[in-house]
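> Coordinates in my_file.csv, CSV, C-alpha atoms, are listed below.
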```csv
chain,number,residue,atom,x,y,z
V,1,MET,CA,34.6,-33.8,0.3
V,2,LYS,CA,37.4,-32.2,2.3
V,3,PHE,CA,40.6,-34.3,2.5
V,4,PRO,CA,42.5,-34.2,5.8
V,5,THR,CA,45.6,-32.1,6.0
V,6,ASN,CA,47.4,-34.7,8.0
V,7,TYR,CA,50.1,-36.2,5.7
V,8,LYS,CA,49.7,-39.7,7.3
V,9,THR,CA,46.0,-40.0,6.8
V,10,ARG,CA,45.5,-38.2,3.5
V,11,GLY,CA,46.7,-41.1,1.4
V,12,LEU,CA,44.3,-43.6,3.1
V,13,THR,CA,41.4,-41.2,2.8
V,14,ILE,CA,42.1,-40.8,-0.9
V,15,ALA,CA,42.3,-44.6,-1.2
V,16,LYS,CA,38.9,-45.1,0.4
V,17,TRP,CA,37.4,-42.4,-1.8
V,18,LEU,CA,38.9,-43.9,-5.0
V,19,LEU,CA,37.6,-47.4,-4.0
V,20,GLY,CA,34.2,-46.0,-3.4
V,21,ALA,CA,34.1,-44.1,-6.7
V,22,PHE,CA,35.4,-47.3,-8.4
V,23,ALA,CA,32.6,-49.4,-6.8
V,24,ILE,CA,29.9,-46.9,-8.0
V,25,ALA,CA,31.3,-46.8,-11.5
V,26,VAL,CA,31.4,-50.6,-11.7
V,27,TYR,CA,27.7,-50.8,-10.9
V,28,LEU,CA,26.8,-48.1,-13.5
V,29,VAL,CA,28.2,-50.2,-16.3
V,30,PRO,CA,25.5,-53.0,-16.2
V,31,ILE,CA,22.9,-50.3,-16.0
V,32,ALA,CA,24.2,-48.7,-19.1
V,33,VAL,CA,24.5,-52.0,-20.9
V,34,TYR,CA,20.8,-52.8,-19.9
V,35,ARG,CA,19.7,-49.4,-21.3
V,36,THR,CA,21.6,-50.0,-24.5
V,37,LEU,CA,20.1,-53.5,-25.0
V,38,SER,CA,16.6,-52.4,-24.1
V,39,THR,CA,16.9,-49.6,-26.7
V,40,LEU,CA,18.1,-52.0,-29.3
V,41,VAL,CA,15.3,-54.5,-28.6
V,42,SER,CA,12.6,-51.9,-28.7
V,43,ASN,CA,13.8,-50.8,-32.2
V,44,GLU,CA,14.1,-47.2,-31.2
V,45,THR,CA,15.9,-45.2,-33.8
V,46,SER,CA,19.4,-44.6,-32.6
V,47,SER,CA,22.8,-45.3,-34.0
V,48,PRO,CA,24.4,-48.4,-32.5
V,49,LEU,CA,27.6,-46.4,-32.0
V,50,THR,CA,25.7,-43.8,-30.0
V,51,LEU,CA,24.1,-46.5,-27.9
V,52,LEU,CA,27.5,-48.1,-27.2
V,53,ALA,CA,29.1,-44.8,-26.2
V,54,LEU,CA,27.7,-44.7,-22.6
V,55,PRO,CA,28.7,-48.3,-21.6
V,56,VAL,CA,32.1,-48.1,-23.2
V,57,SER,CA,32.7,-44.7,-21.6
V,58,LEU,CA,31.8,-46.1,-18.2
V,59,MET,CA,34.0,-49.1,-18.7
V,60,LEU,CA,36.9,-46.8,-19.6
V,61,LEU,CA,36.1,-44.8,-16.4
V,62,VAL,CA,36.2,-48.0,-14.4
V,63,CYS,CA,39.6,-48.9,-15.9
V,64,LEU,CA,40.9,-45.4,-15.0
V,65,PHE,CA,39.7,-45.9,-11.4
V,66,VAL,CA,41.5,-49.3,-11.4
V,67,VAL,CA,44.8,-47.7,-12.5
V,68,LEU,CA,44.4,-44.9,-10.0
V,69,ASN,CA,43.7,-47.4,-7.2
V,70,ILE,CA,46.8,-49.4,-8.1
V,71,ILE,CA,48.9,-46.3,-8.1
V,72,THR,CA,47.4,-45.1,-4.8
V,73,ALA,CA,48.0,-48.5,-3.2
V,74,ALA,CA,51.6,-48.4,-4.4
V,75,VAL,CA,52.2,-44.9,-3.1
V,76,CYS,CA,50.7,-45.8,0.3
V,77,ALA,CA,52.9,-48.9,0.4
V,78,ILE,CA,56.0,-46.9,-0.3
V,79,ARG,CA,55.0,-44.7,2.7
V,80,LYS,CA,54.5,-47.9,4.7
V,81,GLN,CA,50.9,-47.1,5.2
V,82,THR,CA,48.1,-49.1,3.5
V,83,LEU,CA,44.5,-49.9,4.1
V,84,PRO,CA,43.7,-52.7,6.6
V,85,PHE,CA,42.7,-56.0,5.2
V,86,GLY,CA,39.2,-55.4,6.7
V,87,THR,CA,38.7,-52.3,4.6
V,88,ALA,CA,39.8,-54.1,1.4
V,89,LEU,CA,37.5,-56.9,2.3
V,90,ILE,CA,34.5,-54.6,2.6
V,91,PHE,CA,35.1,-53.4,-1.0
V,92,LYS,CA,35.7,-56.9,-2.2
V,93,LEU,CA,32.4,-58.1,-0.6
V,94,ALA,CA,30.6,-55.1,-2.1
V,95,LEU,CA,31.6,-56.1,-5.6
V,96,ILE,CA,30.3,-59.7,-5.3
V,97,PRO,CA,26.9,-58.8,-6.8
V,98,PHE,CA,28.6,-57.2,-9.8
V,99,TYR,CA,30.6,-60.3,-10.5
V,100,ALA,CA,27.5,-62.5,-10.1
V,101,VAL,CA,25.4,-60.3,-12.4
V,102,ASN,CA,28.2,-60.0,-14.9
V,103,PHE,CA,28.6,-63.8,-15.1
V,104,ALA,CA,24.8,-64.4,-15.2
V,105,VAL,CA,24.1,-61.9,-17.9
V,106,TRP,CA,26.8,-63.2,-20.3
V,107,PHE,CA,26.0,-66.9,-19.5
V,108,ILE,CA,22.3,-66.4,-19.9
V,109,GLY,CA,22.8,-64.3,-23.0
V,110,SER,CA,25.0,-66.9,-24.7
V,111,VAL,CA,23.2,-70.1,-23.6
V,112,VAL,CA,19.6,-69.3,-23.1
V,113,PHE,CA,19.1,-66.7,-25.8
V,114,HIS,CA,21.5,-68.5,-28.1
V,115,THR,CA,23.5,-65.3,-28.8
V,116,ALA,CA,26.8,-67.2,-28.6
V,117,LEU,CA,27.8,-66.0,-32.1
V,118,VAL,CA,27.7,-62.4,-30.7
V,119,VAL,CA,29.1,-63.2,-27.2
V,120,ILE,CA,32.0,-65.5,-28.2
V,121,PRO,CA,33.9,-62.9,-30.1
V,122,MET,CA,33.4,-60.4,-27.2
V,123,LEU,CA,34.4,-63.0,-24.6
V,124,PRO,CA,38.1,-62.2,-24.3
V,125,PHE,CA,37.3,-58.5,-23.8
V,126,ILE,CA,34.6,-59.3,-21.2
V,127,ILE,CA,36.9,-61.6,-19.3
V,128,ALA,CA,39.8,-59.1,-19.4
V,129,TYR,CA,37.5,-56.3,-18.2
V,130,THR,CA,36.1,-58.4,-15.4
V,131,TYR,CA,39.5,-59.6,-14.3
V,132,PHE,CA,40.9,-56.1,-14.5
V,133,THR,CA,38.3,-54.9,-12.0
V,134,ILE,CA,39.6,-57.4,-9.4
V,135,LEU,CA,43.0,-55.6,-9.5
V,136,ALA,CA,41.6,-52.5,-7.8
V,137,THR,CA,40.9,-54.2,-4.5
V,138,SER,CA,43.7,-56.7,-4.7
V,139,ALA,CA,46.3,-54.0,-5.1
V,140,TYR,CA,45.6,-52.8,-1.5
V,141,ALA,CA,45.8,-56.3,-0.1
V,142,VAL,CA,49.1,-57.1,-1.9
V,143,CYS,CA,50.6,-53.8,-0.8
V,144,ARG,CA,49.5,-54.6,2.8
V,145,LEU,CA,51.2,-58.0,2.4
V,146,LEU,CA,54.4,-56.4,1.1
V,147,ILE,CA,54.6,-54.3,4.3
V,148,LEU,CA,53.7,-57.2,6.7
V,149,ARG,CA,55.6,-60.0,4.9
V,150,PRO,CA,53.6,-62.8,6.7
V,151,LYS,CA,54.4,-66.5,6.5
V,152,GLY,CA,53.0,-67.7,3.1
V,153,PHE,CA,53.6,-64.3,1.5
V,154,VAL,CA,53.8,-65.6,-2.1
V,155,LYS,CA,50.7,-67.8,-1.6
V,156,HIS,CA,48.7,-64.9,-0.3
V,157,CYS,CA,49.8,-62.7,-3.2
V,158,VAL,CA,48.8,-65.3,-5.8
V,159,LEU,CA,45.5,-65.9,-4.1
V,160,GLN,CA,44.7,-62.2,-4.4
V,161,PHE,CA,44.5,-62.5,-8.2
V,162,ILE,CA,42.2,-65.5,-8.4
V,163,PHE,CA,38.4,-65.0,-8.4
V,164,VAL,CA,36.6,-66.2,-5.2
V,165,LEU,CA,39.9,-67.2,-3.6
V,166,ASP,CA,40.9,-63.5,-3.2
V,167,ILE,CA,37.9,-63.0,-1.0
V,168,ILE,CA,38.5,-66.1,1.1
V,169,ASP,CA,42.2,-65.2,1.5
V,170,THR,CA,41.3,-61.6,2.5
V,171,ILE,CA,38.8,-62.9,5.1
V,172,ILE,CA,41.6,-65.1,6.5
V,173,LEU,CA,44.0,-62.2,6.6
V,174,ALA,CA,41.5,-59.8,8.1
V,175,VAL,CA,40.7,-62.2,10.9
V,176,LYS,CA,44.3,-63.0,11.5
V,177,TYR,CA,45.5,-59.4,11.6
V,178,ARG,CA,42.4,-58.1,13.5
V,179,LYS,CA,43.6,-60.1,16.6
V,180,ASN,CA,46.9,-58.2,16.5
V,181,ASN,CA,45.8,-54.5,16.4
V,182,SER,CA,49.3,-53.1,16.2
V,183,ALA,CA,50.0,-55.1,13.0
V,184,GLU,CA,46.7,-54.0,11.4
V,185,ARG,CA,47.1,-50.3,11.9
```
Once more with this new file: its structure as structure tokens, please.


Amino acid sequence: MKFPTNYKTRGLTIAKWLLGAFAIAVYLVPIAVYRTLSTLVSNETSSPLTLLALPVSLMLLVCLFVVLNIITAAVCAIRKQTLPFGTALIFKLALIPFYAVNFAVWFIGSVVFHTALVVIPMLPFIIAYTYFTILATSAYAVCRLLILRPKGFVKHCVLQFIFVLDIIDTIILAVKYRKNNSAER
């Protein structure tokens, strides 16, 4: 992929690329977890540490992408140029299936299959990882809010860090600022 040489659009192109790579990596984690669990269930001969290497590596890659997205959002905000709310919303909406599958897998795993003894000790890590993933897209919305300073600035910033409410708030902001094209670009 060739990045534009224009200083003003380079940061936004990198931001979109990082968000795309983040979204792909997020969806690779459940696939790796499924592969690991199916290997364990089928009693194939593999070391449990070897089996956990791929999911854990992908989770660390996702965390790296989150950090890179936060840094990129901050740099773009310093330059007074951030992604529009509509672009952040597209990535937030693209991640809904991940959050739904993530919740369903851990809920079904702990309640239906009675693996609560295994899941409960891992729960803080699972919640922290899942919450950490919300920060990648919320960073762009918060940086956009910092530049625009709309009425209800603090409320909008807080909502960007609460599951489900972040999407609702981003929809509201995208619709509100779509009407005023000059404020959105």

> Between V:Val158, V:Leu89, V:Val26, V:Val67, which is the closest to V:Ala136 once you count only C-alpha atoms?

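Smallest distance to V:Ala136 is found for V:Val67.
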
> Find the residue from V:Pro55, V:Gly20, V:Gly11, V:Gly86 that sits nearest to V:Ile171; use all atoms listed in the file when measuring.

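Nearest to V:Ile171: V:Gly86.
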
> Quick one: residues within 10 Å of (38.7, -62.8, 3.7) (file frame), counting only C-alpha atoms, please, as a list in words.

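The answer, in the requested form, is Phe85, Gly86, Ala88, Leu89, Ile90, Lys92, Leu93, Val164, Leu165, Asp166, Ile167, Ile168, Asp169, Thr170, Ile171, Ile172, Leu173, Ala174, Val175 and Lys176 of chain V.
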
> Work out how far apart atom CA of V:Ile162 and atom CA of V:Leu68 are and give it in Å to one decimal.

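Spanning atom CA of V:Ile162 to atom CA of V:Leu68 is a straight-line distance of 20.8 Å.
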
> Using Å and a single decimal, report how far atom CA of V:Ala77 sits from atom CA of V:Leu146.

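Between atom CA of V:Leu146 and atom CA of V:Ala77 the gap works out to 7.7 Å.
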
> Kindly assemble as CSV a list of the stretch 65-87 of chain V residues that lie within 7 Å of stretch 139-143 of chain V, each paired with its nearest atom pair and their distance in Å to one decimal, using only C-alpha atoms, sorted first by chain and then by ascending residue number.


```
residue,atom,partner,partner_atom,distance
V:Ile70,CA,V:Ala139,CA,5.5
V:Ala73,CA,V:Tyr140,CA,5.2
V:Ala74,CA,V:Cys143,CA,6.6
V:Ala77,CA,V:Cys143,CA,5.5
V:Thr82,CA,V:Tyr140,CA,6.7
V:Leu83,CA,V:Tyr140,CA,6.4
V:Phe85,CA,V:Ala141,CA,6.1
```

> Tell me, in Å to one decimal, how far atom CA of V:Val62 is from atom CA of V:Ser42.

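Here the two named atoms are 27.9 Å from each other.
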
> What would the list of residues within 8 Å of (31.4, -54.2, -9.4) (file frame) look like as a ChimeraX atom specification, if only C-alpha atoms are what count?

/V:23-27,94-99,133

> Nearest to V:Ala53: which of V:Leu37, V:Leu145, V:Ala32, V:Val66 is it, counting all atoms listed in the file?

V:Ala32

> Give the answer as one residue: which of V:Phe132, V:Phe153, V:Phe103, V:Phe161 has the shortest atom-to-atom distance to V:Pro30, using all atoms listed in the file?

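Of V:Phe132, V:Phe153, V:Phe103, V:Phe161, the one nearest V:Pro30, counting all atoms listed in the file, is V:Phe103.
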